[in-house]
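Data block below; observations after.
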Amino acid sequence: MKRLFSLNAVSRIVFLLLTPVFFQYFAFGFIWHSIYWGVVTFVVLVWMGFILITPLFGRIGCGWFCFMGTAYDLSSRHASRATKWNKPKTWVRLLILILFFASAIAFYVVNSGKGITHNFAVIPSFLALDFSMHYKIAWMVDVSLAVIFGLLLDRRWGCRNLCLMGTLCAAGAHHSRLIPVVDVEKCTGCGKCEQDCLLRIPMLDYIKNNKGLITNSECILCGKCIESCKVNAVKLKFVWNRKKYKNQIQGSYQKG
Ligand code: SF4
Ligand code: SF4
Ligand code: SF4
C-alpha cells in the first residue's frame, strides 16, 4: 500500500503542471461563470462527480488531483511555523458558499431577463471559448495565492476555511466509507503520522478515542500518514459500518 501512496506526489505534480492547459475544465471558480450563463459545463460535471463520490471514496479529488491543494503543500512544507490542529471556521465557510452561489444566481437572473442564458443545457466545451490567455493568468493568480497562503498561514488553511469545494466535499466525506484506519495494537503512539499529516489532523486523538478510525471529514486520503508510520499500523480501508467495526475492536480487546 505504501508504494501506491508514493504515486500521490506524482499525481498531484502532474495535475499542477497540466492545469494551465485545461484550466477552464477544472478550476472550480468557473462554476460561477457556468451558473452566470446558465450552462452545465465540463467543470460543473467534474466537480459534481468529485462531490458525489465523497460519501463513498472521501476527498480523493482534494488529495490526488487539486492543483490548489498541491500549491498549498509545496509552500507550506517550507513554512517554519508548526501549530496544532485548528477546526475549520464553519461560519466563514458558509458565508463564502452563500456569497458564491447567491451572486452567481443574481447574475443569472439578470442575464435571463436579457435572454442570453442557455437554460442549463449541457455544453461541456462552453467555457473553452477564446480566452486561453485569460485562463493562464487566472491559473497564475490562483497558484500564487495558494503559495502565499501556504507560506503565511497554517497547513492547508485555505482548504479548511476558504474553499467552497472543500466545504461541499467535507459535507459528503463526513460519512466516507474509505478512511485511514490505525491498528491500535501495532501503534506505538510515536505521533509521526500526526506530525506529517497534510491537514494536521489529530491522529493520536482518533487512535486513543475512536478505536483508530480516522473519521475526520478534512482527511484528503493523501496517504502521508501511511507512508510515515514505521510499524505499518495505518491502512486505508473501506469501513461500511463504523459502529460495528468499533464493537469488533472492543470485542477483540476484551478477548485479548
Ligand atoms: S479544499 Fe479546495 S483547494 Fe483544497 S484541495 Fe480541496 S478543492 Fe482543492
Ligand atoms: S506513526 Fe504509526 S505508530 Fe506512530 S502514532 Fe502514527 S500510527 Fe501510531
Ligand atoms: S489522515 Fe492521513 S490520509 Fe488523511 S489527510 Fe492526514 S495524512 Fe492524509
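Ordered as shown in the C-alpha cells, chains take letters A, B, and onward, while each chain numbers its residues from 1 and ligands are numbered from 1 in the order shown.
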Please tabulate, as a tab-separated table, the residues of chain A that come within 6 Å of ligand 1, each with its closest pair of atoms and the distance in Å to one decimal, counting only C-alpha atoms and all ligand atoms and ordering rows by chain, then residue number upward.
```
residue	atom	partner	partner_atom_place_in_ligand_line	distance
A:Cys62	CA	ligand 1	5 (S)	3.6
A:Cys66	CA	ligand 1	8 (Fe)	4.6
A:Met68	CA	ligand 1	3 (S)	4.8
A:Gly69	CA	ligand 1	5 (S)	3.9
A:Cys159	CA	ligand 1	1 (S)	3.7
A:Cys163	CA	ligand 1	2 (Fe)	4.6
A:Met165	CA	ligand 1	7 (S)	4.9
A:Gly166	CA	ligand 1	1 (S)	3.4
```
Could you turn the residues from that selection into a file that holds C-alpha atoms, as a compact mmCIF listing (two decimals), in the first residue's frame?
```txt
# COMPACT_ATOMS: atom_id res chain seq x y z
CA CYS A 62 -8.65 17.10 -2.93
CA CYS A 66 -6.46 19.52 -6.98
CA MET A 68 -4.50 24.41 -5.44
CA GLY A 69 -4.01 21.83 -2.70
CA CYS A 159 -8.67 24.33 2.08
CA CYS A 163 -12.57 26.74 -0.47
CA MET A 165 -15.44 22.87 -2.95
CA GLY A 166 -13.65 21.86 0.24
```
Tell me, counting only C-alpha atoms and all ligand atoms, for each residue of chain A within 7 Å of ligand 2, which pair of atoms is nearest and how far apart they are in Å to one decimal, in rows ordered by chain and increasing number, as a Markdown table.
```
| residue | atom | partner | partner_atom_place_in_ligand_line | distance |
| --- | --- | --- | --- | --- |
| A:Val182 | CA | ligand 2 | 7 (S) | 5.6 |
| A:Lys186 | CA | ligand 2 | 3 (S) | 6.9 |
| A:Cys187 | CA | ligand 2 | 8 (Fe) | 3.7 |
| A:Thr188 | CA | ligand 2 | 3 (S) | 4.3 |
| A:Gly189 | CA | ligand 2 | 5 (S) | 3.8 |
| A:Cys190 | CA | ligand 2 | 4 (Fe) | 3.9 |
| A:Gly191 | CA | ligand 2 | 5 (S) | 3.9 |
| A:Lys192 | CA | ligand 2 | 1 (S) | 4.3 |
| A:Cys193 | CA | ligand 2 | 1 (S) | 4.2 |
| A:Glu194 | CA | ligand 2 | 6 (Fe) | 6.5 |
| A:Met203 | CA | ligand 2 | 6 (Fe) | 6.9 |
| A:Leu204 | CA | ligand 2 | 5 (S) | 6.2 |
| A:Cys225 | CA | ligand 2 | 1 (S) | 6.7 |
| A:Ser228 | CA | ligand 2 | 1 (S) | 5.8 |
| A:Cys229 | CA | ligand 2 | 1 (S) | 3.7 |
| A:Lys230 | CA | ligand 2 | 2 (Fe) | 6.1 |
| A:Val231 | CA | ligand 2 | 3 (S) | 5.8 |
| A:Asn232 | CA | ligand 2 | 2 (Fe) | 6.4 |
| A:Ala233 | CA | ligand 2 | 7 (S) | 5.1 |
| A:Val234 | CA | ligand 2 | 7 (S) | 5.5 |
```
Based on the selection just made, write N, CA and C atoms of those residues as a short mmCIF file (atom, residue, chain, number, x, y, z; two decimals), in the first residue's frame.
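Generated output (out-v5.cif):
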```cif
data_model
loop_
_atom_site.label_atom_id
_atom_site.label_comp_id
_atom_site.auth_asym_id
_atom_site.auth_seq_id
_atom_site.Cartn_x
_atom_site.Cartn_y
_atom_site.Cartn_z
N VAL A 182 -6.14 2.98 11.84
CA VAL A 182 -4.90 2.64 12.56
C VAL A 182 -5.13 1.37 13.37
N LYS A 186 -0.82 -2.36 16.99
CA LYS A 186 0.53 -2.17 16.44
C LYS A 186 1.09 -0.79 16.78
N CYS A 187 0.20 0.21 16.92
CA CYS A 187 0.63 1.60 17.07
C CYS A 187 1.46 1.79 18.34
N THR A 188 2.58 2.52 18.19
CA THR A 188 3.45 2.77 19.35
C THR A 188 3.19 4.15 19.96
N GLY A 189 2.29 4.91 19.33
CA GLY A 189 1.96 6.25 19.85
C GLY A 189 3.05 7.28 19.58
N CYS A 190 3.89 7.04 18.57
CA CYS A 190 5.02 7.96 18.32
C CYS A 190 4.58 9.34 17.81
N GLY A 191 3.41 9.41 17.19
CA GLY A 191 2.88 10.69 16.73
C GLY A 191 3.42 11.17 15.39
N LYS A 192 4.22 10.34 14.70
CA LYS A 192 4.81 10.76 13.42
C LYS A 192 3.72 11.03 12.37
N CYS A 193 2.68 10.19 12.37
CA CYS A 193 1.59 10.37 11.38
C CYS A 193 0.92 11.73 11.58
N GLU A 194 0.73 12.10 12.83
CA GLU A 194 0.08 13.39 13.12
C GLU A 194 0.97 14.56 12.69
N MET A 203 -4.34 12.79 14.79
CA MET A 203 -4.37 11.33 14.68
C MET A 203 -4.38 10.65 16.05
N LEU A 204 -3.55 11.15 16.97
CA LEU A 204 -3.44 10.47 18.26
C LEU A 204 -4.77 10.46 19.02
N CYS A 225 0.11 9.71 6.14
CA CYS A 225 0.19 9.01 7.44
C CYS A 225 0.62 7.56 7.23
N SER A 228 4.30 7.55 6.61
CA SER A 228 5.10 7.96 7.77
C SER A 228 5.23 6.89 8.83
N CYS A 229 4.25 6.01 8.92
CA CYS A 229 4.24 5.05 10.03
C CYS A 229 5.29 3.95 9.83
N LYS A 230 6.22 3.90 10.73
CA LYS A 230 7.34 2.94 10.61
C LYS A 230 6.91 1.50 10.91
N VAL A 231 5.79 1.35 11.65
CA VAL A 231 5.38 -0.02 12.01
C VAL A 231 4.18 -0.50 11.17
N ASN A 232 3.91 0.24 10.09
CA ASN A 232 2.81 -0.11 9.17
C ASN A 232 1.47 -0.31 9.88
N ALA A 233 1.20 0.61 10.80
CA ALA A 233 -0.06 0.46 11.56
C ALA A 233 -1.24 1.14 10.85
N VAL A 234 -0.95 1.99 9.85
CA VAL A 234 -2.05 2.72 9.20
C VAL A 234 -2.35 2.10 7.84
#
```
Contacts of Gly172 in chain A at 12 Å (only C-alpha atoms; same-chain gap of 4+ positions) as a short mmCIF file (atom, residue, chain, number, x, y, z; two decimals) with N, CA and C atoms, in the first residue's frame:
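Everything below was put into around-v8.cif:
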```
data_model
loop_
_atom_site.label_atom_id
_atom_site.label_comp_id
_atom_site.auth_asym_id
_atom_site.auth_seq_id
_atom_site.Cartn_x
_atom_site.Cartn_y
_atom_site.Cartn_z
N MET A 48 -19.10 18.06 -9.77
CA MET A 48 -20.27 17.30 -9.27
C MET A 48 -19.84 15.86 -9.02
N GLY A 49 -19.01 15.34 -9.93
CA GLY A 49 -18.51 13.96 -9.78
C GLY A 49 -17.71 13.82 -8.49
N PHE A 50 -16.76 14.76 -8.26
CA PHE A 50 -15.93 14.68 -7.05
C PHE A 50 -16.79 14.76 -5.78
N ILE A 51 -17.82 15.61 -5.83
CA ILE A 51 -18.66 15.77 -4.62
C ILE A 51 -19.53 14.52 -4.43
N LEU A 52 -20.08 14.01 -5.53
CA LEU A 52 -21.00 12.85 -5.40
C LEU A 52 -20.29 11.59 -4.90
N ILE A 53 -19.00 11.45 -5.19
CA ILE A 53 -18.33 10.22 -4.73
C ILE A 53 -17.83 10.32 -3.29
N THR A 54 -17.91 11.51 -2.69
CA THR A 54 -17.32 11.66 -1.35
C THR A 54 -17.94 10.76 -0.28
N PRO A 55 -19.25 10.47 -0.29
CA PRO A 55 -19.75 9.58 0.77
C PRO A 55 -19.16 8.17 0.67
N LEU A 56 -18.64 7.83 -0.51
CA LEU A 56 -18.05 6.51 -0.68
C LEU A 56 -16.51 6.58 -0.63
N PHE A 57 -15.93 7.46 -1.42
CA PHE A 57 -14.47 7.49 -1.55
C PHE A 57 -13.82 8.69 -0.86
N GLY A 58 -14.57 9.44 -0.08
CA GLY A 58 -13.97 10.59 0.60
C GLY A 58 -13.45 11.63 -0.39
N ARG A 59 -12.43 12.37 0.07
CA ARG A 59 -11.97 13.53 -0.71
C ARG A 59 -10.76 13.20 -1.58
N ILE A 60 -10.88 12.18 -2.40
CA ILE A 60 -9.74 11.85 -3.26
C ILE A 60 -9.47 12.98 -4.26
N MET A 165 -15.41 24.28 -2.58
CA MET A 165 -15.44 22.87 -2.95
C MET A 165 -15.01 22.02 -1.76
N GLY A 166 -14.06 22.56 -0.98
CA GLY A 166 -13.65 21.86 0.24
C GLY A 166 -14.83 21.71 1.18
N THR A 167 -15.64 22.76 1.30
CA THR A 167 -16.81 22.72 2.18
C THR A 167 -17.80 21.65 1.70
N LEU A 168 -18.07 21.65 0.40
CA LEU A 168 -19.05 20.68 -0.13
C LEU A 168 -18.51 19.25 -0.05
N SER A 176 -17.72 9.22 4.81
CA SER A 176 -16.98 8.43 3.81
C SER A 176 -16.75 7.00 4.30
N ARG A 177 -16.91 6.06 3.37
CA ARG A 177 -16.65 4.65 3.72
C ARG A 177 -15.14 4.37 3.67
N LEU A 178 -14.42 5.09 2.80
CA LEU A 178 -12.98 4.86 2.65
C LEU A 178 -12.24 5.82 3.59
N ASN A 216 -12.22 11.98 10.27
CA ASN A 216 -12.24 13.44 10.14
C ASN A 216 -12.58 13.81 8.69
N SER A 217 -13.61 14.65 8.51
CA SER A 217 -14.05 14.98 7.14
C SER A 217 -13.06 15.86 6.38
N GLU A 218 -12.00 16.32 7.06
CA GLU A 218 -10.97 17.08 6.35
C GLU A 218 -9.91 16.18 5.72
N CYS A 219 -9.93 14.89 6.07
CA CYS A 219 -8.93 13.96 5.52
C CYS A 219 -9.06 13.91 4.00
#
```
Which one of A:Val184, A:Ala9, A:Ala146, A:Leu153 sits closest to ligand 3 if you count only C-alpha atoms and all ligand atoms?
A:Ala9
Would you mind writing down, as a ChimeraX atom specification, each residue of range 28-127 of chain A that DSSP on the backbone assigns to helix (DSSP H, G or I)?
/A:30-37,42-52,54-57,60-65,67-76,90-113
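Our summary of the geometry notes that CA of Asp205 in chain A is positioned 15.0 Å from CA of Lys246 in chain A.
When only C-alpha atoms and all ligand atoms are used to compute distances to ligand 3, the closest of the residues A:Leu152, A:Ala173, A:Ala106, A:Val239 turns out to be A:Ala173.
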Find the residues of chain A that sit at most 8 Å from ligand 3; for each, write down the nearest two atoms and how far apart they are in Å, to one decimal. Count only C-alpha atoms and all ligand atoms. Sort by chain, then by number going up, and give it as JSON lines.
```
{"residue": "A:Gly63", "atom": "CA", "partner": "ligand 3", "partner_atom_place_in_ligand_line": "8 (Fe)", "distance": 7.5}
{"residue": "A:Ile179", "atom": "CA", "partner": "ligand 3", "partner_atom_place_in_ligand_line": "4 (Fe)", "distance": 7.7}
{"residue": "A:Pro180", "atom": "CA", "partner": "ligand 3", "partner_atom_place_in_ligand_line": "3 (S)", "distance": 6.1}
{"residue": "A:Cys193", "atom": "CA", "partner": "ligand 3", "partner_atom_place_in_ligand_line": "7 (S)", "distance": 6.6}
{"residue": "A:Glu194", "atom": "CA", "partner": "ligand 3", "partner_atom_place_in_ligand_line": "6 (Fe)", "distance": 7.2}
{"residue": "A:Asp196", "atom": "CA", "partner": "ligand 3", "partner_atom_place_in_ligand_line": "7 (S)", "distance": 6.4}
{"residue": "A:Cys197", "atom": "CA", "partner": "ligand 3", "partner_atom_place_in_ligand_line": "7 (S)", "distance": 3.6}
{"residue": "A:Leu198", "atom": "CA", "partner": "ligand 3", "partner_atom_place_in_ligand_line": "5 (S)", "distance": 5.4}
{"residue": "A:Leu199", "atom": "CA", "partner": "ligand 3", "partner_atom_place_in_ligand_line": "5 (S)", "distance": 5.2}
{"residue": "A:Arg200", "atom": "CA", "partner": "ligand 3", "partner_atom_place_in_ligand_line": "6 (Fe)", "distance": 6.4}
{"residue": "A:Ile201", "atom": "CA", "partner": "ligand 3", "partner_atom_place_in_ligand_line": "6 (Fe)", "distance": 5.7}
{"residue": "A:Met203", "atom": "CA", "partner": "ligand 3", "partner_atom_place_in_ligand_line": "1 (S)", "distance": 6.8}
{"residue": "A:Ile214", "atom": "CA", "partner": "ligand 3", "partner_atom_place_in_ligand_line": "1 (S)", "distance": 6.5}
{"residue": "A:Asn216", "atom": "CA", "partner": "ligand 3", "partner_atom_place_in_ligand_line": "1 (S)", "distance": 7.7}
{"residue": "A:Glu218", "atom": "CA", "partner": "ligand 3", "partner_atom_place_in_ligand_line": "5 (S)", "distance": 6.8}
{"residue": "A:Cys219", "atom": "CA", "partner": "ligand 3", "partner_atom_place_in_ligand_line": "4 (Fe)", "distance": 3.8}
{"residue": "A:Ile220", "atom": "CA", "partner": "ligand 3", "partner_atom_place_in_ligand_line": "5 (S)", "distance": 4.5}
{"residue": "A:Leu221", "atom": "CA", "partner": "ligand 3", "partner_atom_place_in_ligand_line": "3 (S)", "distance": 3.7}
{"residue": "A:Cys222", "atom": "CA", "partner": "ligand 3", "partner_atom_place_in_ligand_line": "8 (Fe)", "distance": 4.1}
{"residue": "A:Gly223", "atom": "CA", "partner": "ligand 3", "partner_atom_place_in_ligand_line": "3 (S)", "distance": 4.1}
{"residue": "A:Lys224", "atom": "CA", "partner": "ligand 3", "partner_atom_place_in_ligand_line": "7 (S)", "distance": 4.1}
{"residue": "A:Cys225", "atom": "CA", "partner": "ligand 3", "partner_atom_place_in_ligand_line": "7 (S)", "distance": 4.1}
{"residue": "A:Ile226", "atom": "CA", "partner": "ligand 3", "partner_atom_place_in_ligand_line": "2 (Fe)", "distance": 6.5}
{"residue": "A:Leu236", "atom": "CA", "partner": "ligand 3", "partner_atom_place_in_ligand_line": "3 (S)", "distance": 7.9}
```
Go ahead and dump the residues you just picked, C-alpha atoms, as a PDB file, in the first residue's frame.
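Generated file (again_16.pdb):
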```
ATOM      1  CA  GLY A  63      -5.863  14.677  -2.131  1.00  0.00           C
ATOM      2  CA  ILE A 179     -10.899   6.105   5.590  1.00  0.00           C
ATOM      3  CA  PRO A 180      -7.447   5.661   7.150  1.00  0.00           C
ATOM      4  CA  CYS A 193       1.593  10.368  11.382  1.00  0.00           C
ATOM      5  CA  GLU A 194       0.080  13.388  13.124  1.00  0.00           C
ATOM      6  CA  ASP A 196       3.265  14.652   8.852  1.00  0.00           C
ATOM      7  CA  CYS A 197      -0.478  14.840   8.101  1.00  0.00           C
ATOM      8  CA  LEU A 198      -1.053  17.477   5.425  1.00  0.00           C
ATOM      9  CA  LEU A 199      -4.192  18.627   7.228  1.00  0.00           C
ATOM     10  CA  ARG A 200      -2.677  18.335  10.717  1.00  0.00           C
ATOM     11  CA  ILE A 201      -5.487  16.000  11.733  1.00  0.00           C
ATOM     12  CA  MET A 203      -4.371  11.332  14.678  1.00  0.00           C
ATOM     13  CA  ILE A 214      -9.721   8.475  11.283  1.00  0.00           C
ATOM     14  CA  ASN A 216     -12.244  13.438  10.143  1.00  0.00           C
ATOM     15  CA  GLU A 218     -10.967  17.085   6.349  1.00  0.00           C
ATOM     16  CA  CYS A 219      -8.930  13.960   5.518  1.00  0.00           C
ATOM     17  CA  ILE A 220      -7.961  14.066   1.844  1.00  0.00           C
ATOM     18  CA  LEU A 221      -6.768  10.437   1.618  1.00  0.00           C
ATOM     19  CA  CYS A 222      -3.262  11.524   0.601  1.00  0.00           C
ATOM     20  CA  GLY A 223      -1.694   8.575   2.429  1.00  0.00           C
ATOM     21  CA  LYS A 224       1.037  10.644   4.090  1.00  0.00           C
ATOM     22  CA  CYS A 225       0.193   9.013   7.435  1.00  0.00           C
ATOM     23  CA  ILE A 226       0.549   5.565   5.837  1.00  0.00           C
ATOM     24  CA  LEU A 236      -6.701   2.783   4.022  1.00  0.00           C
TER      25      LEU A 236
END
```
Closest atom pairs, residues of range 30-51 of chain A within 7 Å of range 108-116 of chain A, only C-alpha atoms, as CSV:
```
residue,atom,partner,partner_atom,distance
A:Ile35,CA,A:Tyr108,CA,6.3
A:Tyr36,CA,A:Tyr108,CA,4.4
A:Trp37,CA,A:Tyr108,CA,6.2
A:Gly38,CA,A:Tyr108,CA,6.5
```
Write a file of the just-selected residues containing C-alpha atoms, as a short mmCIF file (atom, residue, chain, number, x, y, z; two decimals), in the first residue's frame.
```
data_model
loop_
_atom_site.label_atom_id
_atom_site.label_comp_id
_atom_site.auth_asym_id
_atom_site.auth_seq_id
_atom_site.Cartn_x
_atom_site.Cartn_y
_atom_site.Cartn_z
CA ILE A 35 -24.27 29.46 -13.38
CA TYR A 36 -23.95 33.03 -14.65
CA TRP A 37 -24.53 31.84 -18.23
CA GLY A 38 -26.94 29.05 -17.25
#
```
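Look at Pro124 in chain A: the protein and nucleic acid residues within 6 Å of it, using only C-alpha atoms and passing over chain neighbours fewer than 2 places away, are A:Thr41, A:Phe42, A:Phe126.
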Just to be explicit: take each residue in the selection above, keep C-alpha atoms, and write the result as a compact mmCIF listing (two decimals), in the first residue's frame.
```
# COMPACT_ATOMS: atom_id res chain seq x y z
CA THR A 41 -20.09 22.95 -18.39
CA PHE A 42 -17.33 20.35 -18.06
CA PHE A 126 -18.79 26.15 -23.29
```
